[in-house]
Amino acid sequence: MRVERGASQILFGLLPGQTADLDGRIWKVAQWVDPVPIALDQAAVRTALLRAIAPWAATGNDDGLERLLHAHANVEVVALNMTRGVFVEPFPQQWRCKTCGSIAGARGERCRCGGSSRAQMQFVTYHTCGASGEPRLPRCNVHNAVAVRLPGTATARELRIFCPQCRRPLTPGGFPFQPCNCGDGGMSITVHRAAVVFSPHFAVLVNPPDPAEAARLRAGGGGARALEWVLDGMVADDPTEGRQTLSGLIETFRQAGLSEETAQQFAQAAVERGEAEAGHGDVDLGLSAAVRDAAHEEALSLASAVHGGRTRVSDMVAGTTPPLRTLYEGAYGDAMRAAHLEGVDLLANFPVATLSFGYSRGDLAPGAARLVPFRDRGQIRAYGSLSRTEALLFRLDPTHVYRHLAARGHALPEVADARAARIGLLQSVELPYPTQEQYHPLGGDLIRLVHSYAHRAIRRLAAFAGIERDGLAEYLVPHHLAFVIYAASRGDFVLGGLQAVFETSLHRFLDDLVDGESRCALDPGCRSGGGACMACLHLGEPSCRWFNRFLDRSELFSPHGFLLGAS
């Protein structure tokens, strides 16, 4: 039997170990047949996975994945082989006679009652340790047979399990208790398609076109030079342009394993010899190692994002004539200032990879149940897709962000310009991971601002671009006060809706974002319950990787909100 499915349907619904309804029967995915390797920068992949597994690493439920990634273990990233496809097996192998209800282990086994038609049982067992299987059905010790009568509901405890020969009940009601082999309690039982049976987990990363390009960006202290480029406003299109810098050399020596003191001494000596430029440097920025590394990685992501080509509003001004020139110079600039944006850039060839790295079982928050990473022959494996699509890069005005956070009561010193504001926030911020419950107040407020802004932008942009809301996704760059909204293409092309908005109606979209309806249909309940719900800010899972957390309309639209507060 061969069933056709799209590549995105398989990535999100037919991963190894997952069950699915196909051709009227239930199947379990055994493997992707001869998957195609995807050449991605390993450092970027490991960083994205470490960020994604943080909830499980914090609780010790990551199955040792964090340790392996920190040890620079290789991650095999593969895509679907569209010619070979996916191999599936029937599961569960429990077949119920439609006449008498007796259970057999094969679909073609003829029933003693004479019935010739069997239906597949849809119940499976699962445990938070990651185990799954078929429910154990007790058999009559006299007739060695078992039958099940379905109650007309999907509730397992209402099933009647009995002997089809003597009609004696074999359980008091429902399935009997089945201990898990891990020794930690019993297996839960439900229908196979329930989300608790198999919850895949994904990571998203921006990646250069090939590992060689990634190596070029990282070579010579790419992370440090990319950070300088962001701090200076991303004026150039390539952060590695020009001579080597002091911070770039320091990062190069750090990567080589030298101590911080030695790295700074060697780099300073090279500057004194005229072999590198002093630049601004990040020697005296006062960043913690964790924040510095995160800032470097996010800066590299931005560099990768613009590598495929970006168009700024200023580029359109220089390349056109009235009346479009007047529109770009006037209305576009006014709208961006009103929205407190430093800039909006079109990324026509935005490279984004979506990777599934594992799954968990059980209706628990991320980190509470054991993460089961995908492995193949002992090697870490991620199943994914790499696409190049259109996107819009939104960069918030750093000075307005700084003033907004200071007005919320955070102790931030006075700054003179945008660069100083960026540095001041990096020196003070400690951003939480998506499911973290206890976190630094400033980091929580900053991610809440960037995330709420991104969700507001997606919900308003979808209508202007003529794209389904779930067809747009976010990529947050919170350390650098930016986010990317990209078209989550499901085929080999995108329709150009984002480009059309950027070139013809960016001002109208931004005016609507700022001045459009900001109340929620579910107020006052929504406002008192956190200021975000499905009616105002929430997005579907493919669009939001932050589980719709750290969202609040008041960050944008309260009297002291980012969009309505004083400029």
# chains A, B, ... in the order shown; residues from 1 in each chain; ligands from 1

call {"tool": "residues_around", "arguments": {"residues": "range 89-104 of chain A", "least_positions_apart": "2", "cutoff": "9 Å", "atoms": "only C-alpha atoms", "output": "MDAnalysis selection string"}}
result
chainID A and resid 19 25:30 87 106:124 133:135 137 145:150 162:164 192

call {"tool": "write_last_selection", "arguments": {"atoms": "N, CA and C atoms", "output": "CSV table (one decimal), in the first residue's frame"}}
result
chain,number,residue,atom,x,y,z
A,19,THR,N,2.2,7.5,15.5
A,19,THR,CA,1.1,6.8,14.9
A,19,THR,C,0.3,7.7,14.1
A,25,ARG,N,-6.8,2.7,8.4
A,25,ARG,CA,-6.1,1.8,9.5
A,25,ARG,C,-5.1,2.7,10.3
A,26,ILE,N,-4.6,2.1,11.3
A,26,ILE,CA,-3.7,2.7,12.2
A,26,ILE,C,-2.3,2.2,12.0
A,27,TRP,N,-1.3,3.0,11.8
A,27,TRP,CA,0.1,2.6,11.5
A,27,TRP,C,1.0,3.4,12.5
A,28,LYS,N,2.2,2.8,12.7
A,28,LYS,CA,3.3,3.4,13.4
A,28,LYS,C,4.4,3.6,12.4
A,29,VAL,N,5.1,4.8,12.5
A,29,VAL,CA,6.2,5.1,11.6
A,29,VAL,C,7.4,4.3,12.1
A,30,ALA,N,8.0,3.5,11.3
A,30,ALA,CA,9.2,2.7,11.6
A,30,ALA,C,10.4,3.5,11.3
A,87,PHE,N,8.5,4.4,5.9
A,87,PHE,CA,8.0,3.1,6.1
A,87,PHE,C,7.2,3.0,7.4
A,106,ALA,N,-4.0,-10.9,14.3
A,106,ALA,CA,-3.8,-10.7,12.9
A,106,ALA,C,-5.1,-10.3,12.3
A,107,ARG,N,-5.1,-9.4,11.3
A,107,ARG,CA,-6.3,-9.0,10.7
A,107,ARG,C,-7.0,-10.1,9.9
A,108,GLY,N,-6.3,-11.0,9.3
A,108,GLY,CA,-6.9,-12.0,8.5
A,108,GLY,C,-7.4,-13.3,9.3
A,109,GLU,N,-7.1,-13.3,10.6
A,109,GLU,CA,-7.5,-14.5,11.4
A,109,GLU,C,-9.0,-14.6,11.5
A,110,ARG,N,-9.5,-15.8,11.1
A,110,ARG,CA,-11.0,-16.0,11.1
A,110,ARG,C,-11.5,-16.3,12.5
A,111,CYS,N,-12.6,-15.7,12.8
A,111,CYS,CA,-13.2,-15.8,14.2
A,111,CYS,C,-14.0,-17.1,14.4
A,112,ARG,N,-14.0,-17.6,15.6
A,112,ARG,CA,-14.7,-18.8,15.9
A,112,ARG,C,-16.2,-18.6,15.7
A,113,CYS,N,-16.7,-17.4,15.8
A,113,CYS,CA,-18.1,-17.2,15.6
A,113,CYS,C,-18.5,-17.2,14.1
A,114,GLY,N,-17.5,-17.2,13.3
A,114,GLY,CA,-17.8,-17.2,11.8
A,114,GLY,C,-17.7,-15.9,11.2
A,115,GLY,N,-17.5,-14.9,12.0
A,115,GLY,CA,-17.3,-13.5,11.5
A,115,GLY,C,-16.0,-13.4,10.7
A,116,SER,N,-16.1,-12.7,9.6
A,116,SER,CA,-14.9,-12.5,8.8
A,116,SER,C,-14.3,-11.1,8.7
A,117,SER,N,-14.9,-10.2,9.4
A,117,SER,CA,-14.5,-8.8,9.3
A,117,SER,C,-14.0,-8.4,10.7
A,118,ARG,N,-12.8,-7.8,10.7
A,118,ARG,CA,-12.2,-7.3,11.9
A,118,ARG,C,-11.8,-5.8,11.8
A,119,ALA,N,-11.9,-5.1,12.9
A,119,ALA,CA,-11.5,-3.7,13.0
A,119,ALA,C,-10.4,-3.6,14.0
A,120,GLN,N,-9.5,-2.7,13.7
A,120,GLN,CA,-8.3,-2.5,14.5
A,120,GLN,C,-8.6,-1.7,15.7
A,121,MET,N,-8.1,-2.2,16.9
A,121,MET,CA,-8.3,-1.5,18.1
A,121,MET,C,-7.4,-0.2,18.1
A,122,GLN,N,-8.0,0.9,18.6
A,122,GLN,CA,-7.3,2.2,18.5
A,122,GLN,C,-6.6,2.6,19.8
A,123,PHE,N,-6.6,1.7,20.8
A,123,PHE,CA,-6.0,2.1,22.1
A,123,PHE,C,-4.5,1.7,22.2
A,124,VAL,N,-3.7,2.6,22.8
A,124,VAL,CA,-2.3,2.3,23.0
A,124,VAL,C,-1.9,2.7,24.4
A,133,GLY,N,3.2,1.2,23.8
A,133,GLY,CA,3.0,-0.2,23.3
A,133,GLY,C,1.5,-0.5,23.2
A,134,GLU,N,1.2,-1.8,23.2
A,134,GLU,CA,-0.2,-2.2,23.1
A,134,GLU,C,-0.8,-2.5,24.5
A,135,PRO,N,-2.0,-2.3,24.8
A,135,PRO,CA,-2.6,-2.7,26.1
A,135,PRO,C,-2.6,-4.2,26.2
A,137,LEU,N,-4.2,-7.5,27.3
A,137,LEU,CA,-5.6,-8.0,27.4
A,137,LEU,C,-5.6,-9.3,28.1
A,145,ALA,N,-9.2,-17.1,25.4
A,145,ALA,CA,-9.8,-16.1,24.5
A,145,ALA,C,-10.2,-14.8,25.3
A,146,VAL,N,-10.3,-13.7,24.5
A,146,VAL,CA,-10.7,-12.4,25.1
A,146,VAL,C,-11.5,-11.7,24.1
A,147,ALA,N,-12.5,-10.9,24.6
A,147,ALA,CA,-13.3,-10.1,23.7
A,147,ALA,C,-13.5,-8.8,24.3
A,148,VAL,N,-13.7,-7.8,23.5
A,148,VAL,CA,-13.9,-6.4,24.0
A,148,VAL,C,-15.3,-5.9,23.5
A,149,ARG,N,-16.1,-5.3,24.3
A,149,ARG,CA,-17.3,-4.6,23.9
A,149,ARG,C,-17.1,-3.1,24.0
A,150,LEU,N,-17.2,-2.4,23.0
A,150,LEU,CA,-16.9,-1.0,23.0
A,150,LEU,C,-18.2,-0.3,23.5
A,162,PHE,N,-14.2,-9.4,28.3
A,162,PHE,CA,-14.8,-10.6,28.8
A,162,PHE,C,-14.4,-11.8,27.9
A,163,CYS,N,-14.7,-13.0,28.3
A,163,CYS,CA,-14.4,-14.2,27.5
A,163,CYS,C,-15.6,-14.4,26.5
A,164,PRO,N,-15.3,-14.5,25.2
A,164,PRO,CA,-16.4,-14.7,24.2
A,164,PRO,C,-17.1,-16.0,24.3
A,192,HIS,N,-4.9,6.3,20.1
A,192,HIS,CA,-3.5,6.5,19.6
A,192,HIS,C,-3.3,7.9,19.1

call {"tool": "residues_around", "arguments": {"residues": "Ser314 in chain A", "least_positions_apart": "6", "cutoff": "10 Å", "atoms": "only C-alpha atoms", "output": "list of chain:residue names"}}
result
A:Arg325, A:Tyr328, A:Glu329, A:Gly333, A:Gly343, A:Asp345

call {"tool": "closest_residue", "arguments": {"among": "A:Ile53, A:Leu159, A:Ala454, A:Leu442", "to": "Thr171 in chain A", "atoms": "only C-alpha atoms"}}
result
A:Leu159

call {"tool": "closest_residue", "arguments": {"among": "A:Ile447, A:Leu386, A:Leu539, A:Ala421", "to": "Asp232 in chain A", "atoms": "only C-alpha atoms"}}
result
A:Ala421

call {"tool": "closest_atom_pairs", "arguments": {"of": "range 125-223 of chain A", "to": "range 59-77 of chain A", "cutoff": "12 Å", "atoms": "only C-alpha atoms", "output": "CSV"}}
result
residue,atom,partner,partner_atom,distance
A:Thr128,CA,A:Asn61,CA,10.2
A:Cys129,CA,A:Asn61,CA,9.0
A:Gly130,CA,A:Asp63,CA,10.6
A:Ala203,CA,A:Val77,CA,11.9

call {"tool": "residues_around", "arguments": {"residues": "His410 in chain A", "least_positions_apart": "3", "cutoff": "12 Å", "atoms": "only C-alpha atoms", "output": "PyMOL selection string"}}
result
chain A and resi 401-407+413-414+424-425+428-429+440-446

call {"tool": "write_last_selection", "arguments": {"atoms": "N, CA and C atoms", "output": "compact mmCIF listing (two decimals), in the first residue's frame"}}
result
# COMPACT_ATOMS: atom_id res chain seq x y z
N VAL A 401 13.01 51.37 23.63
CA VAL A 401 12.92 50.17 24.47
C VAL A 401 13.56 50.44 25.83
N TYR A 402 14.70 51.10 25.81
CA TYR A 402 15.43 51.39 27.04
C TYR A 402 14.60 52.27 27.96
N ARG A 403 14.01 53.33 27.40
CA ARG A 403 13.18 54.23 28.21
C ARG A 403 11.93 53.52 28.72
N HIS A 404 11.36 52.68 27.87
CA HIS A 404 10.15 51.94 28.26
C HIS A 404 10.43 51.04 29.46
N LEU A 405 11.55 50.33 29.43
CA LEU A 405 11.88 49.43 30.53
C LEU A 405 12.26 50.21 31.79
N ALA A 406 12.93 51.33 31.61
CA ALA A 406 13.25 52.17 32.77
C ALA A 406 11.98 52.71 33.41
N ALA A 407 10.99 53.07 32.58
CA ALA A 407 9.72 53.57 33.10
C ALA A 407 8.96 52.50 33.86
N PRO A 413 20.89 52.90 34.00
CA PRO A 413 21.53 54.22 33.97
C PRO A 413 21.19 54.98 32.70
N GLU A 414 21.41 56.26 32.74
CA GLU A 414 21.17 57.09 31.56
C GLU A 414 22.12 56.70 30.43
N GLY A 424 23.75 48.75 27.35
CA GLY A 424 23.21 48.81 28.69
C GLY A 424 22.24 47.66 28.97
N LEU A 425 21.41 47.34 27.98
CA LEU A 425 20.49 46.22 28.17
C LEU A 425 21.23 44.89 28.23
N SER A 428 22.65 44.23 31.57
CA SER A 428 21.72 44.06 32.68
C SER A 428 20.77 42.88 32.54
N VAL A 429 20.58 42.39 31.31
CA VAL A 429 19.50 41.45 31.06
C VAL A 429 19.94 40.00 31.24
N HIS A 440 14.56 36.50 35.88
CA HIS A 440 14.95 37.87 36.18
C HIS A 440 13.87 38.82 35.67
N PRO A 441 13.38 39.76 36.50
CA PRO A 441 12.28 40.64 36.07
C PRO A 441 12.56 41.42 34.80
N LEU A 442 13.78 41.96 34.65
CA LEU A 442 14.10 42.73 33.45
C LEU A 442 14.06 41.84 32.22
N GLY A 443 14.63 40.62 32.33
CA GLY A 443 14.60 39.70 31.20
C GLY A 443 13.19 39.31 30.83
N GLY A 444 12.33 39.09 31.85
CA GLY A 444 10.94 38.75 31.57
C GLY A 444 10.21 39.87 30.85
N ASP A 445 10.42 41.12 31.30
CA ASP A 445 9.75 42.25 30.67
C ASP A 445 10.25 42.48 29.25
N LEU A 446 11.55 42.27 29.02
CA LEU A 446 12.09 42.48 27.68
C LEU A 446 11.54 41.45 26.69

call {"tool": "closest_residue", "arguments": {"among": "A:Leu522, A:Leu347, A:Ala295, A:Ala382", "to": "Gly222 in chain A", "atoms": "only C-alpha atoms"}}
result
A:Ala295
